[in-house]
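K.L.:
Got final.pdb for you, PDB, C-alpha atoms:
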ATOM      1  CA  MET V   1     161.028  85.871  51.175
ATOM      2  CA  ALA V   2     158.417  87.731  49.185
ATOM      3  CA  GLU V   3     159.690  90.502  46.949
ATOM      4  CA  THR V   4     159.105  93.888  48.545
ATOM      5  CA  LEU V   5     157.467  96.757  46.730
ATOM      6  CA  ALA V   6     160.896  98.444  46.669
ATOM      7  CA  GLN V   7     162.477  95.451  44.883
ATOM      8  CA  LYS V   8     159.616  95.297  42.402
ATOM      9  CA  LEU V   9     160.075  99.007  41.731
ATOM     10  CA  GLU V  10     163.840  98.652  41.333
ATOM     11  CA  ASN V  11     163.411  95.834  38.802
ATOM     12  CA  SER V  12     160.829  97.790  36.832
ATOM     13  CA  ASN V  13     160.899 100.939  34.700
ATOM     14  CA  LEU V  14     160.219 102.818  37.918
ATOM     15  CA  GLY V  15     163.672 101.955  39.318
ATOM     16  CA  HIS V  16     164.994 105.498  39.063
ATOM     17  CA  TRP V  17     161.976 106.767  41.070
ATOM     18  CA  MET V  18     162.838 104.373  43.889
ATOM     19  CA  GLN V  19     166.414 105.692  43.909
ATOM     20  CA  ARG V  20     165.095 109.259  44.093
ATOM     21  CA  PHE V  21     162.787 108.300  46.959
ATOM     22  CA  GLU V  22     165.757 106.759  48.823
ATOM     23  CA  SER V  23     167.830 109.923  48.315
ATOM     24  CA  PHE V  24     164.892 112.062  49.402
ATOM     25  CA  MET V  25     164.535 110.047  52.636
ATOM     26  CA  VAL V  26     168.261 110.501  53.355
ATOM     27  CA  PHE V  27     167.670 114.252  53.002
ATOM     28  CA  ILE V  28     164.550 114.008  55.243
ATOM     29  CA  GLY V  29     166.474 112.053  57.876
ATOM     30  CA  ILE V  30     169.063 114.798  58.122
ATOM     31  CA  VAL V  31     166.841 117.912  57.929
ATOM     32  CA  GLY V  32     163.973 116.372  59.973
ATOM     33  CA  PRO V  33     165.514 117.099  63.392
ATOM     34  CA  PHE V  34     165.362 120.843  62.645
ATOM     35  CA  ALA V  35     161.552 120.589  62.869
ATOM     36  CA  THR V  36     162.085 120.906  66.640
ATOM     37  CA  LEU V  37     163.513 124.461  66.280
ATOM     38  CA  PRO V  38     160.152 126.338  66.487
ATOM     39  CA  GLN V  39     159.333 124.349  69.644
ATOM     40  CA  LEU V  40     162.713 125.296  71.137
ATOM     41  CA  ILE V  41     162.142 128.989  70.288
ATOM     42  CA  LYS V  42     158.758 128.891  72.061
ATOM     43  CA  LEU V  43     160.213 127.151  75.109
ATOM     44  CA  TYR V  44     163.314 129.347  75.502
ATOM     45  CA  PHE V  45     162.253 132.746  74.151
ATOM     46  CA  THR V  46     158.629 133.535  73.419
ATOM     47  CA  HIS V  47     156.451 131.212  75.575
ATOM     48  CA  SER V  48     158.679 130.296  78.540
ATOM     49  CA  ASP V  49     155.732 130.969  80.895
ATOM     50  CA  HIS V  50     153.968 127.985  79.300
ATOM     51  CA  ALA V  51     156.940 125.633  79.878
ATOM     52  CA  SER V  52     154.994 123.587  82.433
ATOM     53  CA  GLY V  53     152.780 122.408  79.558
ATOM     54  CA  GLN V  54     155.822 120.610  78.091
ATOM     55  CA  SER V  55     156.200 116.982  79.147
ATOM     56  CA  LEU V  56     159.590 116.286  80.731
ATOM     57  CA  VAL V  57     158.858 112.541  80.478
ATOM     58  CA  SER V  58     158.100 112.679  76.734
ATOM     59  CA  TRP V  59     161.141 114.805  75.834
ATOM     60  CA  SER V  60     163.454 112.720  78.052
ATOM     61  CA  LEU V  61     162.192 109.596  76.277
ATOM     62  CA  PHE V  62     162.661 111.284  72.875
ATOM     63  CA  ALA V  63     166.262 112.090  73.894
ATOM     64  CA  THR V  64     166.863 108.494  75.035
ATOM     65  CA  LEU V  65     165.326 107.041  71.852
ATOM     66  CA  SER V  66     167.391 109.304  69.575
ATOM     67  CA  PHE V  67     170.522 108.315  71.527
ATOM     68  CA  LEU V  68     169.702 104.621  70.912
ATOM     69  CA  TRP V  69     169.098 105.234  67.177
ATOM     70  CA  PHE V  70     172.296 107.307  66.997
ATOM     71  CA  THR V  71     174.259 104.378  68.530
ATOM     72  CA  TYR V  72     172.507 101.864  66.251
ATOM     73  CA  GLY V  73     173.306 104.047  63.205
ATOM     74  CA  LEU V  74     176.997 104.159  64.163
ATOM     75  CA  VAL V  75     177.115 100.372  64.677
ATOM     76  CA  VAL V  76     175.465  99.577  61.321
ATOM     77  CA  GLY V  77     177.434 102.373  59.619
ATOM     78  CA  LYS V  78     174.418 104.212  58.160
ATOM     79  CA  LEU V  79     175.142 107.937  57.937
ATOM     80  CA  PRO V  80     171.494 109.091  57.515
ATOM     81  CA  ILE V  81     170.606 107.229  60.724
ATOM     82  CA  TYR V  82     173.398 108.513  62.938
ATOM     83  CA  VAL V  83     173.592 112.071  61.603
ATOM     84  CA  GLY V  84     169.817 112.601  61.793
ATOM     85  CA  ASN V  85     169.466 111.007  65.211
ATOM     86  CA  GLY V  86     172.613 112.691  66.531
ATOM     87  CA  LEU V  87     171.015 116.041  65.651
ATOM     88  CA  SER V  88     167.673 114.930  67.149
ATOM     89  CA  MET V  89     169.463 113.944  70.339
ATOM     90  CA  VAL V  90     170.908 117.477  70.661
ATOM     91  CA  MET V  91     167.485 119.079  70.002
ATOM     92  CA  ASN V  92     165.717 116.778  72.466
ATOM     93  CA  LEU V  93     168.332 117.342  75.174
ATOM     94  CA  LEU V  94     167.913 121.114  74.697
ATOM     95  CA  MET V  95     164.141 120.633  75.231
ATOM     96  CA  VAL V  96     164.821 118.644  78.438
ATOM     97  CA  VAL V  97     167.190 121.348  79.742
ATOM     98  CA  GLY V  98     164.741 124.128  78.793
ATOM     99  CA  ILE V  99     161.858 122.411  80.614
ATOM    100  CA  LEU V 100     164.019 121.943  83.732
ATOM    101  CA  ILE V 101     165.081 125.639  83.633
ATOM    102  CA  HIS V 102     161.646 127.138  82.983
ATOM    103  CA  ALA V 103     159.272 124.658  84.650
ATOM    104  CA  GLY V 104     161.478 122.680  87.040
ATOM    105  CA  MET V 105     160.558 119.104  87.895
ATOM    106  CA  THR V 106     157.362 118.071  86.148
ATOM    107  CA  TYR V 107     156.092 114.945  84.389
TER     108      TYR V 107
ATOM    109  CA  MET E   1     183.287  99.209  50.865
ATOM    110  CA  ALA E   2     184.799  99.103  54.343
ATOM    111  CA  GLU E   3     183.334  96.555  56.708
ATOM    112  CA  THR E   4     180.919  98.198  59.132
ATOM    113  CA  LEU E   5     181.122  97.706  62.873
ATOM    114  CA  ALA E   6     177.913  95.644  62.589
ATOM    115  CA  GLN E   7     179.514  93.262  60.052
ATOM    116  CA  LYS E   8     182.650  92.934  62.192
ATOM    117  CA  LEU E   9     180.454  92.119  65.182
ATOM    118  CA  GLU E  10     178.416  89.569  63.222
ATOM    119  CA  ASN E  11     181.559  87.784  62.056
ATOM    120  CA  SER E  12     183.019  87.711  65.568
ATOM    121  CA  ASN E  13     182.075  85.928  68.778
ATOM    122  CA  LEU E  14     179.885  88.943  69.515
ATOM    123  CA  GLY E  15     177.482  88.046  66.665
ATOM    124  CA  HIS E  16     174.642  87.098  68.969
ATOM    125  CA  TRP E  17     174.899  90.482  70.712
ATOM    126  CA  MET E  18     174.418  92.251  67.381
ATOM    127  CA  GLN E  19     171.295  90.152  66.741
ATOM    128  CA  ARG E  20     169.966  91.084  70.193
ATOM    129  CA  PHE E  21     170.663  94.756  69.500
ATOM    130  CA  GLU E  22     168.751  94.491  66.191
ATOM    131  CA  SER E  23     165.769  92.872  67.946
ATOM    132  CA  PHE E  24     165.919  95.510  70.687
ATOM    133  CA  MET E  25     165.800  98.318  68.089
ATOM    134  CA  VAL E  26     162.754  96.710  66.442
ATOM    135  CA  PHE E  27     161.098  96.786  69.886
ATOM    136  CA  ILE E  28     162.207 100.427  70.395
ATOM    137  CA  GLY E  29     160.865 101.431  66.977
ATOM    138  CA  ILE E  30     157.421 100.113  67.887
ATOM    139  CA  VAL E  31     157.138 101.272  71.533
ATOM    140  CA  GLY E  32     158.967 104.588  70.941
ATOM    141  CA  PRO E  33     155.905 106.454  69.603
ATOM    142  CA  PHE E  34     154.153 105.939  72.964
ATOM    143  CA  ALA E  35     156.697 108.366  74.484
ATOM    144  CA  THR E  36     154.362 111.098  73.190
ATOM    145  CA  LEU E  37     151.510 109.973  75.503
ATOM    146  CA  PRO E  38     152.513 112.108  78.544
ATOM    147  CA  GLN E  39     152.709 115.144  76.239
ATOM    148  CA  LEU E  40     149.222 114.374  74.882
ATOM    149  CA  ILE E  41     147.843 114.035  78.444
ATOM    150  CA  LYS E  42     149.286 117.454  79.359
ATOM    151  CA  LEU E  43     147.901 119.066  76.195
ATOM    152  CA  TYR E  44     144.389 117.569  76.359
ATOM    153  CA  PHE E  45     143.735 117.103  80.081
ATOM    154  CA  THR E  46     146.011 118.640  82.698
ATOM    155  CA  HIS E  47     147.758 121.643  81.098
ATOM    156  CA  SER E  48     145.450 122.742  78.258
ATOM    157  CA  ASP E  49     145.866 126.379  79.397
ATOM    158  CA  HIS E  50     149.522 126.110  78.360
ATOM    159  CA  ALA E  51     148.687 124.838  74.857
ATOM    160  CA  SER E  52     149.946 128.052  73.240
ATOM    161  CA  GLY E  53     153.442 127.012  74.329
ATOM    162  CA  GLN E  54     153.204 124.046  71.959
ATOM    163  CA  SER E  55     154.585 124.664  68.472
ATOM    164  CA  LEU E  56     152.034 123.958  65.749
ATOM    165  CA  VAL E  57     154.835 124.181  63.148
ATOM    166  CA  SER E  58     157.019 121.601  64.924
ATOM    167  CA  TRP E  59     154.216 119.086  65.512
ATOM    168  CA  SER E  60     152.872 119.516  61.946
ATOM    169  CA  LEU E  61     156.366 118.822  60.627
ATOM    170  CA  PHE E  62     156.679 115.794  62.955
ATOM    171  CA  ALA E  63     153.367 114.494  61.545
ATOM    172  CA  THR E  64     154.560 115.059  57.958
ATOM    173  CA  LEU E  65     157.917 113.388  58.611
ATOM    174  CA  SER E  66     156.321 110.333  60.254
ATOM    175  CA  PHE E  67     153.933 110.073  57.285
ATOM    176  CA  LEU E  68     156.931 110.055  54.899
ATOM    177  CA  TRP E  69     158.740 107.392  56.978
ATOM    178  CA  PHE E  70     155.513 105.362  57.195
ATOM    179  CA  THR E  71     155.228 105.443  53.383
ATOM    180  CA  TYR E  72     158.930 104.624  52.959
ATOM    181  CA  GLY E  73     158.573 101.699  55.416
ATOM    182  CA  LEU E  74     155.637 100.305  53.406
ATOM    183  CA  VAL E  75     157.549 100.637  50.122
ATOM    184  CA  VAL E  76     160.693  98.911  51.429
ATOM    185  CA  GLY E  77     158.568  96.360  53.340
ATOM    186  CA  LYS E  78     160.157  96.974  56.767
ATOM    187  CA  LEU E  79     157.591  96.350  59.520
ATOM    188  CA  PRO E  80     159.487  98.172  62.323
ATOM    189  CA  ILE E  81     159.646 101.287  60.132
ATOM    190  CA  TYR E  82     156.008 101.426  59.063
ATOM    191  CA  VAL E  83     154.431 100.239  62.325
ATOM    192  CA  GLY E  84     156.503 102.614  64.477
ATOM    193  CA  ASN E  85     156.046 105.578  62.176
ATOM    194  CA  GLY E  86     152.362 104.796  61.581
ATOM    195  CA  LEU E  87     151.845 105.034  65.354
ATOM    196  CA  SER E  88     153.974 108.207  65.513
ATOM    197  CA  MET E  89     151.878 109.741  62.771
ATOM    198  CA  VAL E  90     148.697 109.168  64.824
ATOM    199  CA  MET E  91     150.303 110.641  67.981
ATOM    200  CA  ASN E  92     151.649 113.672  66.099
ATOM    201  CA  LEU E  93     148.321 114.331  64.381
ATOM    202  CA  LEU E  94     146.600 114.193  67.803
ATOM    203  CA  MET E  95     149.106 116.837  69.008
ATOM    204  CA  VAL E  96     148.301 119.034  65.968
ATOM    205  CA  VAL E  97     144.540 118.698  66.576
ATOM    206  CA  GLY E  98     144.972 119.380  70.325
ATOM    207  CA  ILE E  99     147.003 122.539  69.666
ATOM    208  CA  LEU E 100     144.384 123.792  67.183
ATOM    209  CA  ILE E 101     141.564 123.103  69.708
ATOM    210  CA  HIS E 102     143.249 124.600  72.779
ATOM    211  CA  ALA E 103     145.465 127.336  71.333
ATOM    212  CA  GLY E 104     144.057 127.968  67.845
ATOM    213  CA  MET E 105     146.363 129.181  65.099
ATOM    214  CA  THR E 106     149.884 129.660  66.379
ATOM    215  CA  TYR E 107     153.386 128.981  65.061
TER     216      TYR E 107
END
Written as structure tokens, how would this file's structure read?
P.N.:
Amino acid sequence: MAETLAQKLENSNLGHWMQRFESFMVFIGIVGPFATLPQLIKLYFTHSDHASGQSLVSWSLFATLSFLWFTYGLVVGKLPIYVGNGLSMVMNLLMVVGILIHAGMTY
Amino acid sequence: MAETLAQKLENSNLGHWMQRFESFMVFIGIVGPFATLPQLIKLYFTHSDHASGQSLVSWSLFATLSFLWFTYGLVVGKLPIYVGNGLSMVMNLLMVVGILIHAGMTY
């Protein structure tokens, strides 16, 4: 198999930058799910009257996908995958519940 | 390091199930971004009057995060990571543009 850019970087003087990038992405994987918080605040508190503009289909799929990645992360034993996606799953399920409360059945 | 569940599965009679799960997650990583399509249809076509309920902060962060994962995927040479997140980046940027068009500056 061809050497990936990551392997080339690791074998070069830039190796420590690749390690920093890896650590940074672990951090990103865990804090990323919190990006949904402003959307949750709008849905539940400040813009509930616009809840029908939220897609129940999209957020239900997001919840399903994060559940699958959470399960996959547990099976392969990768903490950044299961912690990040476990948090995402909670956020996405809260979006689904909020849409059902404030807009009812929609697409 | 302790053997992960994935390694135990691979070394057992269940090995072929683990391979199927891996292939399934590659598929999920690539089709997952399309989950955003119903949300884009609501924002651009059917529920543009509810655009102010969409969080510009959340979708901008989603776009930034998918850009970082796209870059990481390219560097480590993992097709399911960069293809899936490249597509997500496009979807998330379309959400950001749609919010700016239909709701203007918001949080």
K.L.:
Between E:Met105, E:Ala6, E:Leu87, E:Leu94, which has the minimum distance to V:Gly73 (counting only C-alpha atoms)?
P.N.:
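Going through E:Met105, E:Ala6, E:Leu87, E:Leu94 one by one, the smallest distance to V:Gly73 is for E:Ala6.
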K.L.:
Write down, as a PyMOL selection string, each residue of chain E that has any atom within 6 Å of an atom of chain V, counting only C-alpha atoms.
P.N.:
chain E and resi 4-6+35-36+38-39+47+50+53+55+58+61+75-77
K.L.:
Take chain E, superimpose it onto chain V by least squares using every C-alpha atom paired in sequence order, and output the result as a PDB file with C-alpha atoms, in the frame of the given file.
P.N.:
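Ended up saving to out_9.pdb:
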ATOM      1  CA  MET E   1     160.842  85.796  51.077  1.00  0.00           C
ATOM      2  CA  ALA E   2     158.258  87.710  49.064  1.00  0.00           C
ATOM      3  CA  GLU E   3     159.585  90.481  46.875  1.00  0.00           C
ATOM      4  CA  THR E   4     159.040  93.865  48.506  1.00  0.00           C
ATOM      5  CA  LEU E   5     157.413  96.764  46.710  1.00  0.00           C
ATOM      6  CA  ALA E   6     160.857  98.427  46.663  1.00  0.00           C
ATOM      7  CA  GLN E   7     162.422  95.432  44.860  1.00  0.00           C
ATOM      8  CA  LYS E   8     159.547  95.307  42.363  1.00  0.00           C
ATOM      9  CA  LEU E   9     160.034  99.016  41.705  1.00  0.00           C
ATOM     10  CA  GLU E  10     163.800  98.634  41.291  1.00  0.00           C
ATOM     11  CA  ASN E  11     163.353  95.836  38.763  1.00  0.00           C
ATOM     12  CA  SER E  12     160.768  97.808  36.789  1.00  0.00           C
ATOM     13  CA  ASN E  13     160.902 100.955  34.678  1.00  0.00           C
ATOM     14  CA  LEU E  14     160.207 102.846  37.898  1.00  0.00           C
ATOM     15  CA  GLY E  15     163.664 101.963  39.304  1.00  0.00           C
ATOM     16  CA  HIS E  16     164.977 105.498  39.083  1.00  0.00           C
ATOM     17  CA  TRP E  17     161.987 106.757  41.091  1.00  0.00           C
ATOM     18  CA  MET E  18     162.850 104.355  43.909  1.00  0.00           C
ATOM     19  CA  GLN E  19     166.429 105.680  43.915  1.00  0.00           C
ATOM     20  CA  ARG E  20     165.103 109.251  44.098  1.00  0.00           C
ATOM     21  CA  PHE E  21     162.818 108.284  46.978  1.00  0.00           C
ATOM     22  CA  GLU E  22     165.801 106.742  48.822  1.00  0.00           C
ATOM     23  CA  SER E  23     167.863 109.918  48.316  1.00  0.00           C
ATOM     24  CA  PHE E  24     164.906 112.044  49.424  1.00  0.00           C
ATOM     25  CA  MET E  25     164.571 110.021  52.656  1.00  0.00           C
ATOM     26  CA  VAL E  26     168.292 110.488  53.373  1.00  0.00           C
ATOM     27  CA  PHE E  27     167.686 114.245  53.022  1.00  0.00           C
ATOM     28  CA  ILE E  28     164.577 114.005  55.263  1.00  0.00           C
ATOM     29  CA  GLY E  29     166.493 112.040  57.901  1.00  0.00           C
ATOM     30  CA  ILE E  30     169.084 114.807  58.152  1.00  0.00           C
ATOM     31  CA  VAL E  31     166.848 117.918  57.954  1.00  0.00           C
ATOM     32  CA  GLY E  32     163.985 116.364  59.974  1.00  0.00           C
ATOM     33  CA  PRO E  33     165.525 117.093  63.401  1.00  0.00           C
ATOM     34  CA  PHE E  34     165.370 120.840  62.646  1.00  0.00           C
ATOM     35  CA  ALA E  35     161.556 120.567  62.873  1.00  0.00           C
ATOM     36  CA  THR E  36     162.091 120.905  66.640  1.00  0.00           C
ATOM     37  CA  LEU E  37     163.512 124.454  66.278  1.00  0.00           C
ATOM     38  CA  PRO E  38     160.150 126.319  66.471  1.00  0.00           C
ATOM     39  CA  GLN E  39     159.336 124.346  69.635  1.00  0.00           C
ATOM     40  CA  LEU E  40     162.713 125.308  71.138  1.00  0.00           C
ATOM     41  CA  ILE E  41     162.115 128.997  70.279  1.00  0.00           C
ATOM     42  CA  LYS E  42     158.725 128.887  72.041  1.00  0.00           C
ATOM     43  CA  LEU E  43     160.190 127.153  75.102  1.00  0.00           C
ATOM     44  CA  TYR E  44     163.286 129.357  75.500  1.00  0.00           C
ATOM     45  CA  PHE E  45     162.212 132.747  74.138  1.00  0.00           C
ATOM     46  CA  THR E  46     158.573 133.517  73.391  1.00  0.00           C
ATOM     47  CA  HIS E  47     156.429 131.198  75.548  1.00  0.00           C
ATOM     48  CA  SER E  48     158.644 130.269  78.519  1.00  0.00           C
ATOM     49  CA  ASP E  49     155.690 130.947  80.867  1.00  0.00           C
ATOM     50  CA  HIS E  50     153.955 127.951  79.276  1.00  0.00           C
ATOM     51  CA  ALA E  51     156.919 125.615  79.863  1.00  0.00           C
ATOM     52  CA  SER E  52     154.978 123.570  82.428  1.00  0.00           C
ATOM     53  CA  GLY E  53     152.787 122.384  79.550  1.00  0.00           C
ATOM     54  CA  GLN E  54     155.817 120.609  78.089  1.00  0.00           C
ATOM     55  CA  SER E  55     156.215 116.980  79.147  1.00  0.00           C
ATOM     56  CA  LEU E  56     159.595 116.287  80.734  1.00  0.00           C
ATOM     57  CA  VAL E  57     158.875 112.534  80.491  1.00  0.00           C
ATOM     58  CA  SER E  58     158.119 112.676  76.750  1.00  0.00           C
ATOM     59  CA  TRP E  59     161.149 114.802  75.841  1.00  0.00           C
ATOM     60  CA  SER E  60     163.475 112.718  78.067  1.00  0.00           C
ATOM     61  CA  LEU E  61     162.230 109.590  76.308  1.00  0.00           C
ATOM     62  CA  PHE E  62     162.697 111.281  72.901  1.00  0.00           C
ATOM     63  CA  ALA E  63     166.297 112.097  73.911  1.00  0.00           C
ATOM     64  CA  THR E  64     166.896 108.498  75.050  1.00  0.00           C
ATOM     65  CA  LEU E  65     165.375 107.041  71.880  1.00  0.00           C
ATOM     66  CA  SER E  66     167.431 109.306  69.594  1.00  0.00           C
ATOM     67  CA  PHE E  67     170.559 108.320  71.550  1.00  0.00           C
ATOM     68  CA  LEU E  68     169.750 104.624  70.944  1.00  0.00           C
ATOM     69  CA  TRP E  69     169.144 105.231  67.209  1.00  0.00           C
ATOM     70  CA  PHE E  70     172.342 107.309  67.022  1.00  0.00           C
ATOM     71  CA  THR E  71     174.298 104.401  68.549  1.00  0.00           C
ATOM     72  CA  TYR E  72     172.565 101.872  66.279  1.00  0.00           C
ATOM     73  CA  GLY E  73     173.347 104.063  63.228  1.00  0.00           C
ATOM     74  CA  LEU E  74     177.043 104.172  64.192  1.00  0.00           C
ATOM     75  CA  VAL E  75     177.165 100.393  64.697  1.00  0.00           C
ATOM     76  CA  VAL E  76     175.504  99.590  61.355  1.00  0.00           C
ATOM     77  CA  GLY E  77     177.481 102.384  59.635  1.00  0.00           C
ATOM     78  CA  LYS E  78     174.447 104.213  58.185  1.00  0.00           C
ATOM     79  CA  LEU E  79     175.177 107.949  57.940  1.00  0.00           C
ATOM     80  CA  PRO E  80     171.530 109.094  57.538  1.00  0.00           C
ATOM     81  CA  ILE E  81     170.639 107.235  60.744  1.00  0.00           C
ATOM     82  CA  TYR E  82     173.443 108.520  62.954  1.00  0.00           C
ATOM     83  CA  VAL E  83     173.615 112.083  61.607  1.00  0.00           C
ATOM     84  CA  GLY E  84     169.839 112.599  61.796  1.00  0.00           C
ATOM     85  CA  ASN E  85     169.491 111.015  65.211  1.00  0.00           C
ATOM     86  CA  GLY E  86     172.641 112.709  66.532  1.00  0.00           C
ATOM     87  CA  LEU E  87     171.039 116.060  65.657  1.00  0.00           C
ATOM     88  CA  SER E  88     167.706 114.934  67.158  1.00  0.00           C
ATOM     89  CA  MET E  89     169.480 113.960  70.347  1.00  0.00           C
ATOM     90  CA  VAL E  90     170.916 117.495  70.678  1.00  0.00           C
ATOM     91  CA  MET E  91     167.495 119.096  70.008  1.00  0.00           C
ATOM     92  CA  ASN E  92     165.730 116.786  72.476  1.00  0.00           C
ATOM     93  CA  LEU E  93     168.335 117.365  75.185  1.00  0.00           C
ATOM     94  CA  LEU E  94     167.908 121.143  74.699  1.00  0.00           C
ATOM     95  CA  MET E  95     164.142 120.639  75.229  1.00  0.00           C
ATOM     96  CA  VAL E  96     164.825 118.663  78.446  1.00  0.00           C
ATOM     97  CA  VAL E  97     167.189 121.373  79.746  1.00  0.00           C
ATOM     98  CA  GLY E  98     164.718 124.145  78.788  1.00  0.00           C
ATOM     99  CA  ILE E  99     161.847 122.417  80.609  1.00  0.00           C
ATOM    100  CA  LEU E 100     164.005 121.961  83.728  1.00  0.00           C
ATOM    101  CA  ILE E 101     165.048 125.663  83.630  1.00  0.00           C
ATOM    102  CA  HIS E 102     161.602 127.149  82.973  1.00  0.00           C
ATOM    103  CA  ALA E 103     159.235 124.676  84.637  1.00  0.00           C
ATOM    104  CA  GLY E 104     161.446 122.693  87.030  1.00  0.00           C
ATOM    105  CA  MET E 105     160.536 119.116  87.873  1.00  0.00           C
ATOM    106  CA  THR E 106     157.345 118.071  86.145  1.00  0.00           C
ATOM    107  CA  TYR E 107     156.086 114.939  84.394  1.00  0.00           C
TER     108      TYR E 107
END
K.L.:
Measure the distance from atom CA of E:Asn85 to atom CA of V:Thr106 in Å and round it to one decimal.
P.N.:
27.1 Å
K.L.:
For atom CA of E:Val96 and atom CA of E:Ala63, determine how far apart the two atoms are, in Å to one decimal place.
P.N.:
8.1 Å
K.L.:
What separation in Å, quoted to one decimal, exists between atom CA of E:Ile81 and atom CA of E:Ser23?
P.N.:
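Atom-to-atom, atom CA of E:Ile81 and atom CA of E:Ser23 are spaced 13.0 Å apart.
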